[in-house]
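Enquirer: I'm passing along target.cif; it holds mmCIF, C-alpha atoms.
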data_work
loop_
_atom_site.label_atom_id
_atom_site.label_comp_id
_atom_site.auth_asym_id
_atom_site.auth_seq_id
_atom_site.Cartn_x
_atom_site.Cartn_y
_atom_site.Cartn_z
CA MET A 28 -87.25 -60.93 -114.66
CA LEU A 29 -85.68 -63.28 -117.21
CA LYS A 30 -85.76 -66.92 -116.16
CA VAL A 31 -83.36 -69.22 -117.96
CA VAL A 32 -83.99 -72.96 -117.74
CA LYS A 33 -80.66 -74.71 -118.24
CA ASN A 34 -81.30 -78.29 -117.23
CA PHE A 35 -83.09 -80.29 -119.89
CA SER A 36 -81.59 -83.60 -118.77
CA VAL A 37 -83.62 -86.80 -118.74
CA SER A 38 -82.83 -90.20 -117.32
CA TYR A 39 -81.40 -92.95 -119.53
CA MET A 40 -81.93 -96.61 -118.75
CA GLN A 41 -80.07 -99.70 -119.85
CA VAL A 42 -80.43 -103.05 -118.06
CA LEU A 43 -78.99 -105.49 -120.61
CA ASP A 44 -75.84 -104.51 -122.48
CA GLU A 45 -74.59 -105.63 -125.90
CA ASN A 46 -72.65 -108.51 -124.37
CA GLY A 47 -75.68 -109.99 -122.60
CA LYS A 48 -74.69 -108.68 -119.16
CA ILE A 49 -77.32 -107.17 -116.84
CA ASP A 50 -77.36 -104.46 -114.22
CA ALA A 51 -78.80 -106.50 -111.35
CA LYS A 52 -80.01 -103.36 -109.55
CA LEU A 53 -82.22 -102.40 -112.48
CA MET A 54 -83.30 -105.87 -113.62
CA PRO A 55 -87.11 -106.18 -113.39
CA GLN A 56 -88.70 -109.19 -111.75
CA LEU A 57 -89.16 -111.71 -114.54
CA SER A 58 -89.38 -115.47 -114.39
CA ASN A 59 -87.43 -117.73 -116.73
CA GLU A 60 -90.70 -118.37 -118.53
CA ASP A 61 -91.24 -114.62 -118.97
CA ILE A 62 -87.78 -114.22 -120.48
CA GLN A 63 -88.29 -117.09 -122.90
CA LYS A 64 -91.68 -115.68 -123.92
CA MET A 65 -90.02 -112.34 -124.68
CA TYR A 66 -87.32 -114.00 -126.73
CA GLU A 67 -89.81 -116.10 -128.67
CA ALA A 68 -92.00 -113.07 -129.39
CA MET A 69 -88.98 -111.24 -130.80
CA VAL A 70 -87.94 -114.22 -132.94
CA LEU A 71 -91.48 -114.66 -134.27
CA GLY A 72 -91.69 -110.96 -135.11
CA ARG A 73 -88.45 -111.09 -137.08
CA MET A 74 -89.32 -114.33 -138.86
CA PHE A 75 -92.69 -112.87 -139.84
CA ASP A 76 -90.98 -109.72 -141.17
CA GLU A 77 -88.46 -111.72 -143.19
CA THR A 78 -91.23 -113.86 -144.69
CA MET A 79 -93.35 -110.84 -145.56
CA LEU A 80 -90.42 -109.24 -147.39
CA LYS A 81 -90.17 -112.39 -149.53
CA LEU A 82 -93.93 -112.35 -150.21
CA GLN A 83 -93.71 -108.73 -151.32
CA ARG A 84 -90.93 -109.51 -153.78
CA GLU A 85 -93.07 -112.35 -155.14
CA GLY A 86 -95.98 -109.94 -155.67
CA ARG A 87 -98.19 -111.67 -153.11
CA ILE A 88 -98.58 -108.65 -150.81
CA GLY A 89 -98.25 -104.90 -151.28
CA THR A 90 -95.74 -102.44 -149.85
CA TYR A 91 -94.50 -103.65 -146.46
CA ALA A 92 -92.84 -101.84 -143.53
CA PRO A 93 -90.50 -104.24 -141.66
CA ALA A 94 -89.49 -103.71 -138.02
CA ILE A 95 -86.23 -105.69 -138.15
CA GLY A 96 -84.02 -104.40 -135.33
CA GLN A 97 -86.87 -102.94 -133.29
CA GLU A 98 -88.20 -106.15 -131.76
CA ALA A 99 -86.99 -105.43 -128.19
CA THR A 100 -88.83 -102.12 -128.08
CA GLN A 101 -92.09 -103.59 -129.34
CA THR A 102 -91.97 -106.74 -127.23
CA GLY A 103 -90.89 -104.87 -124.10
CA PHE A 104 -93.80 -102.46 -123.97
CA ALA A 105 -96.33 -105.05 -125.17
CA TYR A 106 -95.30 -107.40 -122.34
CA ALA A 107 -95.80 -104.58 -119.84
CA MET A 108 -99.38 -103.91 -120.91
CA GLN A 109 -102.48 -105.47 -119.39
CA PRO A 110 -105.22 -106.88 -121.66
CA SER A 111 -107.54 -104.10 -120.46
CA ASP A 112 -105.12 -101.38 -121.64
CA TRP A 113 -105.74 -99.95 -125.11
CA PHE A 114 -103.03 -100.09 -127.77
CA PHE A 115 -102.75 -97.55 -130.61
CA PRO A 116 -100.11 -98.82 -133.05
CA MET A 117 -98.24 -97.35 -135.96
CA TYR A 118 -97.65 -99.23 -139.20
CA ARG A 119 -94.37 -100.81 -138.05
CA ASP A 120 -95.69 -102.42 -134.84
CA VAL A 121 -95.49 -106.05 -135.95
CA SER A 122 -94.02 -107.71 -132.84
CA SER A 123 -96.30 -105.81 -130.47
CA TYR A 124 -99.40 -106.63 -132.51
CA ILE A 125 -98.47 -110.31 -132.52
CA PHE A 126 -97.77 -110.30 -128.79
CA ARG A 127 -101.13 -108.62 -128.15
CA GLY A 128 -102.86 -111.57 -129.85
CA MET A 129 -103.45 -110.34 -133.40
CA PRO A 130 -103.77 -113.41 -135.65
CA LEU A 131 -100.93 -113.67 -138.15
CA GLU A 132 -103.36 -114.26 -141.01
CA ASN A 133 -104.96 -110.89 -140.26
CA LEU A 134 -101.61 -109.16 -140.71
CA VAL A 135 -100.96 -111.01 -143.96
CA LEU A 136 -104.43 -109.98 -145.18
CA TYR A 137 -103.91 -106.36 -144.21
CA TRP A 138 -100.60 -106.04 -146.04
CA SER A 139 -102.26 -107.69 -149.02
CA GLY A 140 -104.55 -104.67 -149.19
CA ASP A 141 -107.56 -106.42 -147.67
CA GLY A 142 -109.29 -104.27 -145.05
CA ARG A 143 -110.61 -107.36 -143.27
CA GLY A 144 -107.11 -107.83 -141.91
CA MET A 145 -107.77 -104.99 -139.50
CA HIS A 146 -110.81 -106.69 -138.01
CA ILE A 147 -109.70 -106.79 -134.38
CA PRO A 148 -110.78 -110.01 -132.64
CA GLU A 149 -113.36 -109.64 -129.88
CA GLY A 150 -111.78 -108.90 -126.52
CA GLN A 151 -108.55 -107.44 -127.88
CA ASN A 152 -108.12 -103.78 -126.99
CA ASN A 153 -106.07 -102.99 -130.08
CA PHE A 154 -106.81 -100.23 -132.57
CA PRO A 155 -106.20 -100.66 -136.32
CA VAL A 156 -102.88 -99.62 -137.85
CA ALA A 157 -102.41 -95.87 -138.29
CA ILE A 158 -100.71 -95.03 -141.59
CA PRO A 159 -100.85 -91.20 -141.30
CA VAL A 160 -97.88 -90.20 -139.15
CA SER A 161 -98.73 -89.40 -135.51
CA THR A 162 -102.52 -89.11 -135.91
CA GLN A 163 -102.91 -92.07 -133.53
CA ILE A 164 -101.50 -90.04 -130.63
CA ALA A 165 -104.60 -87.85 -130.51
CA HIS A 166 -106.76 -90.98 -130.63
CA ALA A 167 -104.88 -92.53 -127.70
CA VAL A 168 -105.15 -89.36 -125.61
CA GLY A 169 -108.87 -89.14 -126.39
CA ALA A 170 -109.43 -92.74 -125.31
CA ALA A 171 -107.38 -92.13 -122.17
CA MET A 172 -109.53 -89.12 -121.30
CA ALA A 173 -112.70 -91.15 -121.89
CA ALA A 174 -111.39 -93.83 -119.49
CA LYS A 175 -110.56 -91.16 -116.93
CA ILE A 176 -114.01 -89.58 -117.15
CA LEU A 177 -115.70 -92.99 -116.87
CA GLY A 178 -113.50 -94.01 -113.94
CA HIS A 179 -111.94 -96.97 -115.74
CA LYS A 180 -108.55 -97.80 -114.19
CA ILE A 181 -106.79 -98.49 -117.46
CA ALA A 182 -104.08 -96.85 -119.52
CA THR A 183 -103.62 -96.31 -123.22
CA LEU A 184 -100.31 -96.80 -124.98
CA VAL A 185 -99.46 -95.27 -128.34
CA CYS A 186 -96.46 -95.57 -130.65
CA THR A 187 -94.85 -93.25 -133.15
CA GLY A 188 -91.43 -92.89 -134.70
CA ASP A 189 -88.82 -90.16 -134.30
CA GLY A 190 -90.20 -88.41 -137.37
CA GLY A 191 -93.65 -88.39 -135.80
CA THR A 192 -92.42 -86.12 -133.00
CA SER A 193 -92.08 -83.25 -135.48
CA LYS A 194 -95.76 -83.38 -136.41
CA ALA A 195 -98.43 -81.07 -135.02
CA ASP A 196 -100.47 -84.09 -133.89
CA PHE A 197 -97.67 -85.07 -131.49
CA HIS A 198 -97.42 -81.62 -129.89
CA GLU A 199 -101.14 -80.97 -129.65
CA ALA A 200 -102.03 -84.39 -128.25
CA LEU A 201 -99.27 -84.49 -125.63
CA ASN A 202 -99.89 -80.89 -124.61
CA PHE A 203 -103.53 -81.83 -123.98
CA ALA A 204 -102.43 -85.00 -122.14
CA GLY A 205 -100.18 -82.96 -119.87
CA VAL A 206 -102.81 -80.35 -119.04
CA PHE A 207 -105.52 -82.90 -118.22
CA ARG A 208 -103.24 -85.64 -116.79
CA ALA A 209 -104.47 -88.22 -119.27
CA PRO A 210 -103.55 -91.83 -118.42
CA VAL A 211 -101.50 -92.34 -121.59
CA VAL A 212 -98.00 -93.65 -122.31
CA ALA A 213 -96.40 -92.39 -125.52
CA ILE A 214 -93.65 -94.60 -126.95
CA VAL A 215 -91.30 -93.09 -129.51
CA GLN A 216 -89.43 -95.73 -131.48
CA ASN A 217 -86.41 -93.62 -132.36
CA ASN A 218 -84.90 -95.71 -135.14
CA GLN A 219 -82.71 -92.78 -136.24
CA TYR A 220 -84.49 -92.08 -139.53
CA ALA A 221 -87.79 -90.58 -140.67
CA ILE A 222 -87.68 -92.48 -143.96
CA SER A 223 -84.41 -90.97 -145.27
CA MET A 224 -84.12 -88.00 -142.86
CA ARG A 225 -81.79 -88.35 -139.91
CA ARG A 226 -83.18 -87.47 -136.50
CA GLU A 227 -80.85 -84.48 -136.02
CA LYS A 228 -82.10 -82.95 -139.28
CA GLN A 229 -85.68 -82.65 -138.02
CA THR A 230 -85.27 -81.64 -134.37
CA ALA A 231 -82.62 -79.64 -132.50
CA ALA A 232 -83.54 -81.30 -129.20
CA GLU A 233 -80.67 -83.31 -127.72
CA THR A 234 -83.15 -86.06 -126.90
CA ILE A 235 -86.74 -86.71 -127.86
CA ALA A 236 -87.56 -87.65 -124.27
CA GLN A 237 -86.89 -84.11 -123.05
CA LYS A 238 -89.80 -82.81 -125.12
CA ALA A 239 -92.04 -84.09 -122.33
CA ILE A 240 -90.67 -81.36 -120.06
CA ALA A 241 -92.50 -78.71 -122.10
CA TYR A 242 -95.77 -80.61 -121.62
CA GLY A 243 -95.34 -80.89 -117.87
CA PHE A 244 -94.73 -84.60 -117.41
CA GLU A 245 -91.93 -87.14 -117.27
CA GLY A 246 -89.75 -88.09 -120.22
CA ILE A 247 -87.47 -91.15 -120.14
CA GLN A 248 -84.89 -92.35 -122.62
CA VAL A 249 -84.12 -96.07 -122.73
CA ASP A 250 -81.95 -98.40 -124.75
CA GLY A 251 -84.56 -99.59 -127.24
CA ASN A 252 -82.55 -102.72 -128.07
CA ASP A 253 -82.74 -103.80 -124.42
CA VAL A 254 -86.06 -105.60 -123.88
CA PHE A 255 -85.66 -105.48 -120.08
CA ALA A 256 -85.17 -101.70 -120.00
CA VAL A 257 -88.16 -101.09 -122.26
CA TYR A 258 -90.31 -103.46 -120.21
CA ARG A 259 -89.36 -101.81 -116.91
CA ALA A 260 -89.87 -98.25 -118.16
CA ALA A 261 -93.21 -99.10 -119.79
CA LYS A 262 -94.46 -101.07 -116.79
CA ASP A 263 -93.68 -98.21 -114.40
CA ALA A 264 -95.29 -95.66 -116.73
CA LEU A 265 -98.43 -97.74 -117.23
CA GLU A 266 -98.84 -98.29 -113.50
CA LYS A 267 -98.43 -94.57 -112.93
CA ALA A 268 -101.04 -93.80 -115.58
CA ARG A 269 -103.56 -96.27 -114.15
CA ALA A 270 -103.04 -94.77 -110.68
CA GLY A 271 -104.06 -91.33 -111.97
CA SER A 272 -100.58 -89.77 -111.95
CA GLY A 273 -100.60 -88.74 -115.57
CA PRO A 274 -98.74 -89.44 -118.81
CA THR A 275 -95.17 -90.43 -119.65
CA LEU A 276 -93.10 -90.11 -122.82
CA ILE A 277 -90.61 -92.94 -123.40
CA GLU A 278 -87.98 -92.58 -126.10
CA CYS A 279 -86.63 -95.99 -127.15
CA VAL A 280 -83.29 -95.56 -128.90
CA THR A 281 -83.11 -98.29 -131.53
CA TYR A 282 -82.32 -98.74 -135.21
CA ARG A 283 -84.19 -99.74 -138.35
CA ILE A 284 -81.91 -102.37 -139.86
CA ALA A 285 -84.10 -102.90 -142.93
CA ASP A 286 -85.34 -100.31 -145.43
CA HIS A 287 -88.13 -97.95 -144.40
CA THR A 288 -90.51 -100.00 -146.56
CA THR A 289 -90.18 -102.23 -149.60
CA ALA A 290 -90.58 -99.04 -151.67
CA ASP A 291 -87.38 -97.61 -150.15
CA ASP A 292 -83.67 -98.07 -150.84
CA ALA A 293 -81.82 -97.16 -147.65
CA ALA A 294 -78.44 -97.68 -149.35
CA ARG A 295 -78.95 -94.25 -150.90
CA TYR A 296 -78.77 -92.44 -147.56
CA ARG A 297 -76.82 -94.63 -145.11
CA THR A 298 -73.70 -96.78 -145.18
CA GLN A 299 -73.09 -100.46 -144.63
CA GLU A 300 -70.63 -99.48 -141.91
CA GLU A 301 -73.39 -97.70 -139.99
CA ILE A 302 -75.72 -100.66 -140.33
CA GLY A 303 -72.92 -102.99 -139.25
CA GLU A 304 -72.30 -101.03 -136.06
CA TRP A 305 -75.97 -101.24 -135.12
CA MET A 306 -76.16 -104.93 -135.96
CA LYS A 307 -73.63 -105.47 -133.18
CA LYS A 308 -76.41 -104.20 -130.88
CA ASP A 309 -78.99 -106.62 -132.31
CA PRO A 310 -81.74 -107.01 -129.68
CA ILE A 311 -82.35 -110.71 -130.32
CA GLU A 312 -78.68 -111.63 -130.23
CA ARG A 313 -78.24 -109.61 -127.02
CA LEU A 314 -81.03 -111.44 -125.23
CA ARG A 315 -79.82 -114.78 -126.56
CA LYS A 316 -76.40 -114.22 -124.97
CA TYR A 317 -78.03 -113.50 -121.62
CA MET A 318 -80.28 -116.55 -121.86
CA GLU A 319 -77.39 -118.79 -122.80
CA SER A 320 -75.50 -117.66 -119.68
CA ARG A 321 -78.57 -118.66 -117.64
CA ALA A 322 -79.01 -122.02 -119.41
CA LEU A 323 -82.29 -120.77 -120.92
CA TRP A 324 -81.13 -121.14 -124.52
CA SER A 325 -79.66 -123.98 -126.56
CA GLN A 326 -79.33 -124.92 -130.22
CA TYR A 327 -82.11 -127.47 -129.73
CA TYR A 328 -84.39 -124.85 -128.16
CA GLU A 329 -83.69 -122.45 -131.04
CA LYS A 330 -84.43 -125.04 -133.72
CA ARG A 331 -87.64 -126.11 -131.98
CA VAL A 332 -88.86 -122.52 -131.65
CA ARG A 333 -88.06 -121.62 -135.25
CA PHE A 334 -89.68 -124.80 -136.61
CA LYS A 335 -92.87 -124.04 -134.67
CA PHE A 336 -92.99 -120.44 -135.89
CA GLU A 337 -92.26 -121.38 -139.47
CA GLU A 338 -95.30 -123.66 -139.40
CA GLN A 339 -97.45 -120.92 -137.84
CA ILE A 340 -96.41 -118.35 -140.42
CA ASN A 341 -96.93 -120.71 -143.37
CA ASP A 342 -100.35 -121.69 -142.00
CA ALA A 343 -101.29 -118.01 -141.65
CA ILE A 344 -100.29 -117.31 -145.25
CA LYS A 345 -102.41 -120.21 -146.48
CA LYS A 346 -105.42 -118.99 -144.49
CA ALA A 347 -105.05 -115.44 -145.77
CA GLU A 348 -104.56 -116.44 -149.40
CA ASN A 349 -107.51 -118.86 -149.30
CA MET A 350 -109.95 -116.32 -147.89
CA PRO A 351 -113.02 -115.76 -150.07
CA LYS A 352 -113.00 -112.43 -151.86
CA ALA A 353 -114.47 -109.55 -149.90
CA GLU A 354 -118.02 -108.50 -150.74
CA ILE A 355 -118.44 -105.11 -152.42
CA ASP A 356 -121.13 -104.35 -149.82
CA ASP A 357 -118.45 -104.19 -147.10
CA ILE A 358 -117.25 -100.80 -148.36
CA PHE A 359 -120.64 -99.37 -147.46
CA LYS A 360 -121.84 -101.57 -144.60
CA HIS A 361 -118.93 -100.96 -142.29
CA MET A 362 -118.54 -97.22 -142.72
CA TYR A 363 -120.92 -96.61 -139.81
CA GLN A 364 -122.61 -98.84 -137.27
CA GLU A 365 -125.78 -98.51 -139.36
CA MET A 366 -125.82 -97.54 -143.00
CA THR A 367 -127.09 -94.04 -143.77
CA GLU A 368 -129.76 -93.51 -146.42
CA ASN A 369 -127.14 -91.87 -148.61
CA LEU A 370 -124.87 -94.93 -148.42
CA LYS A 371 -127.79 -97.28 -149.10
CA GLU A 372 -128.57 -95.28 -152.22
CA GLN A 373 -124.94 -95.41 -153.38
CA LEU A 374 -124.77 -99.16 -152.79
CA GLU A 375 -127.87 -99.78 -154.88
CA GLU A 376 -126.47 -97.61 -157.68
CA LEU A 377 -123.21 -99.59 -157.62
CA LYS A 378 -125.03 -102.93 -157.68
CA SER A 379 -127.13 -101.80 -160.65
CA PHE A 380 -123.98 -100.68 -162.47
CA LEU A 381 -122.19 -103.99 -161.84
CA ASN A 382 -125.24 -106.04 -162.87
CA ALA A 383 -125.49 -104.01 -166.07
CA LYS A 384 -121.83 -104.75 -166.85
CA LYS A 385 -122.43 -108.47 -166.44
CA LEU A 386 -125.17 -108.30 -169.06
#
Transcribe the structure of this file into structure tokens.
Expert:
Amino acid sequence: MLKVVKNFSVSYMQVLDENGKIDAKLMPQLSNEDIQKMYEAMVLGRMFDETMLKLQREGRIGTYAPAIGQEATQTGFAYAMQPSDWFFPMYRDVSSYIFRGMPLENLVLYWSGDGRGMHIPEGQNNFPVAIPVSTQIAHAVGAAMAAKILGHKIATLVCTGDGGTSKADFHEALNFAGVFRAPVVAIVQNNQYAISMRREKQTAAETIAQKAIAYGFEGIQVDGNDVFAVYRAAKDALEKARAGSGPTLIECVTYRIADHTTADDAARYRTQEEIGEWMKKDPIERLRKYMESRALWSQYYEKRVRFKFEEQINDAIKKAENMPKAEIDDIFKHMYQEMTENLKEQLEELKSFLNAKKL
């Protein structure tokens, strides 16, 4: 008998619209302090991005991947996580990394090409940046399964972009997560482009969220420029995962206002009109309008916040640029917990070679 499945619909959530108006029925419980923290995290993320773009043009860091326009997505899910949850980021997760406690100087170091920038401070359950597209999803599912086996009531959260959903890593990892009910939340930051390729050119699915149906778990689509919607969806999914009810896929519909990286020229594949339409949906401006209506925002507040963050960012740059040069031994010492005999031999050969050059 032929069975035809016709309904691939998924739920879509928006709490805060472009004019700063909320749907009171969907609004999560957040204090005024929570809302201001969210706003400040988004502003800091954008200011950091803008500064890093300037540093790259000055030749002080390498290629950089800005997240301008995606701050609500990153702040929303980061705010929903508990410190005990494990975070598996992609290379564009600036705001979420900052919110999770990553020192700014580490991020400056990392984008300068210094591996020490990915030294995660003790007590932070954050993994290093994943540059290969979607490989981190398998890592997050593996960690989630380890937590499940050990009986740890935590969840893992992993991010990828819309392009990452067309990779084998995405399918294999989420298929495994569905079969074994892994406590993982997969966030897709659908910013409409996989570098220069539009979303509709790489998948025929009407939504990315509906791909979860094939893996046997829930898929949700949210307005990724609405920090409240992202927070609510992520919080519910994380609680479900910790309770043993399995994974969730959350598609956050957003937009990458800046170029893919500083090595890209987005003007070659998209128009200023398109960018302009999405800038009307700017996540920071949207939240600011809401806060202003609640007397949570003022020009004085904005100036004070930006002055504080400008000092923090400048201080982080100074710390990163004044770091002593890394030791050549680090390449070998930190490959494994303990150096193998083979690595010890290679290190000694390198030292002998360098000493000979000095002579």
Enquirer: With a distance cut-off of 12 Å and only C-alpha atoms, select the neighbouring residues of A:Gly89, excluding the residue or stretch itself and same-chain residues fewer than 4 positions from it, and output the selection as a list in words.
Expert: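 Those residues are Met79, Leu80, Lys81, Leu82, Gln83, Arg84, Glu85, Leu134, Val135, Leu136, Tyr137, Trp138, Ser139, Gly140, Asp141, Thr288, Thr289 and Ala290 of chain A.
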Enquirer: Between atom CA of A:Ala293 and atom CA of A:Gln216, measure the distance and give it in Å to one decimal.
Expert: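 So the two atoms, atom CA of A:Ala293 and atom CA of A:Gln216, lie 17.9 Å apart.
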Enquirer: Quick one: of A:Glu365, A:Asp286, A:Val37, A:Asn59, who's nearest to A:Ile240, counting all atoms listed in the file?
Expert: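 When distances to A:Ile240 are compared using all atoms listed in the file, the smallest one comes from A:Val37.
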Enquirer: What does the structure give for the distance between atom CA of A:Val160 and atom CA of A:Ser223, in Å to one decimal?
Expert: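 Value for the atom CA of A:Val160-atom CA of A:Ser223 distance: 14.8 Å.
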Enquirer: Using all atoms listed in the file, which residue out of A:Ala167, A:Ala260, A:Ile358, A:Ala195 lies closest to A:Phe115?
Expert: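 Under the stated criterion, the closest residue is A:Ala167.
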Enquirer: How would you write, as a PyMOL selection string, the residues chosen by the PyMOL selection byres ((chain A and resi 344) around 10) on this structure?
Expert: chain A and resi 78-79+82+87+131-136+338-343+345-349
Enquirer: Output the selection as a PDB file, in the coordinates of the input - C-alpha atoms for each residue.
Expert:
ATOM      1  CA  THR A  78     -91.230-113.860-144.690  1.00  0.00           C
ATOM      2  CA  MET A  79     -93.350-110.840-145.560  1.00  0.00           C
ATOM      3  CA  LEU A  82     -93.930-112.350-150.210  1.00  0.00           C
ATOM      4  CA  ARG A  87     -98.190-111.670-153.110  1.00  0.00           C
ATOM      5  CA  LEU A 131    -100.930-113.670-138.150  1.00  0.00           C
ATOM      6  CA  GLU A 132    -103.360-114.260-141.010  1.00  0.00           C
ATOM      7  CA  ASN A 133    -104.960-110.890-140.260  1.00  0.00           C
ATOM      8  CA  LEU A 134    -101.610-109.160-140.710  1.00  0.00           C
ATOM      9  CA  VAL A 135    -100.960-111.010-143.960  1.00  0.00           C
ATOM     10  CA  LEU A 136    -104.430-109.980-145.180  1.00  0.00           C
ATOM     11  CA  GLU A 338     -95.300-123.660-139.400  1.00  0.00           C
ATOM     12  CA  GLN A 339     -97.450-120.920-137.840  1.00  0.00           C
ATOM     13  CA  ILE A 340     -96.410-118.350-140.420  1.00  0.00           C
ATOM     14  CA  ASN A 341     -96.930-120.710-143.370  1.00  0.00           C
ATOM     15  CA  ASP A 342    -100.350-121.690-142.000  1.00  0.00           C
ATOM     16  CA  ALA A 343    -101.290-118.010-141.650  1.00  0.00           C
ATOM     17  CA  LYS A 345    -102.410-120.210-146.480  1.00  0.00           C
ATOM     18  CA  LYS A 346    -105.420-118.990-144.490  1.00  0.00           C
ATOM     19  CA  ALA A 347    -105.050-115.440-145.770  1.00  0.00           C
ATOM     20  CA  GLU A 348    -104.560-116.440-149.400  1.00  0.00           C
ATOM     21  CA  ASN A 349    -107.510-118.860-149.300  1.00  0.00           C
TER      22      ASN A 349
END
Enquirer: Measuring between only C-alpha atoms, which one of A:Lys64, A:Leu201, A:Ala213, A:Asp76 shows the shortest distance to A:Glu337?
Expert: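 Result for the nearest residue to A:Glu337: A:Asp76.
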Enquirer: N, CA and C atoms are what I want for stretch 117-133 of chain A; can you complete it accordingly and write them as a compact mmCIF listing (two decimals), in the coordinates of the input?
Expert:
# COMPACT_ATOMS: atom_id res chain seq x y z
N MET A 117 -98.61 -97.91 -134.67
CA MET A 117 -98.24 -97.35 -135.96
C MET A 117 -98.05 -98.51 -136.93
N TYR A 118 -97.70 -98.20 -138.17
CA TYR A 118 -97.65 -99.23 -139.20
C TYR A 118 -96.48 -100.20 -139.07
N ARG A 119 -95.53 -99.93 -138.17
CA ARG A 119 -94.37 -100.81 -138.05
C ARG A 119 -94.46 -101.69 -136.80
N ASP A 120 -95.57 -101.72 -136.12
CA ASP A 120 -95.69 -102.42 -134.84
C ASP A 120 -96.05 -103.89 -135.00
N VAL A 121 -95.20 -104.64 -135.68
CA VAL A 121 -95.49 -106.05 -135.95
C VAL A 121 -95.39 -106.89 -134.69
N SER A 122 -94.23 -106.85 -134.01
CA SER A 122 -94.02 -107.71 -132.84
C SER A 122 -95.03 -107.43 -131.74
N SER A 123 -95.35 -106.15 -131.52
CA SER A 123 -96.30 -105.81 -130.47
C SER A 123 -97.71 -106.27 -130.81
N TYR A 124 -98.09 -106.14 -132.07
CA TYR A 124 -99.40 -106.63 -132.51
C TYR A 124 -99.51 -108.13 -132.27
N ILE A 125 -98.46 -108.86 -132.67
CA ILE A 125 -98.47 -110.31 -132.52
C ILE A 125 -98.56 -110.69 -131.04
N PHE A 126 -97.77 -110.00 -130.21
CA PHE A 126 -97.77 -110.30 -128.79
C PHE A 126 -99.12 -110.00 -128.15
N ARG A 127 -99.82 -108.99 -128.67
CA ARG A 127 -101.13 -108.62 -128.15
C ARG A 127 -102.24 -109.54 -128.68
N GLY A 128 -101.89 -110.57 -129.45
CA GLY A 128 -102.86 -111.57 -129.85
C GLY A 128 -103.44 -111.43 -131.24
N MET A 129 -102.93 -110.50 -132.04
CA MET A 129 -103.45 -110.34 -133.40
C MET A 129 -103.10 -111.57 -134.22
N PRO A 130 -104.07 -112.23 -134.83
CA PRO A 130 -103.77 -113.41 -135.65
C PRO A 130 -102.84 -113.06 -136.81
N LEU A 131 -101.89 -113.93 -137.08
CA LEU A 131 -100.93 -113.67 -138.15
C LEU A 131 -101.62 -113.53 -139.50
N GLU A 132 -102.68 -114.33 -139.71
CA GLU A 132 -103.36 -114.26 -141.01
C GLU A 132 -104.01 -112.89 -141.23
N ASN A 133 -104.41 -112.24 -140.13
CA ASN A 133 -104.96 -110.89 -140.26
C ASN A 133 -103.91 -109.92 -140.79
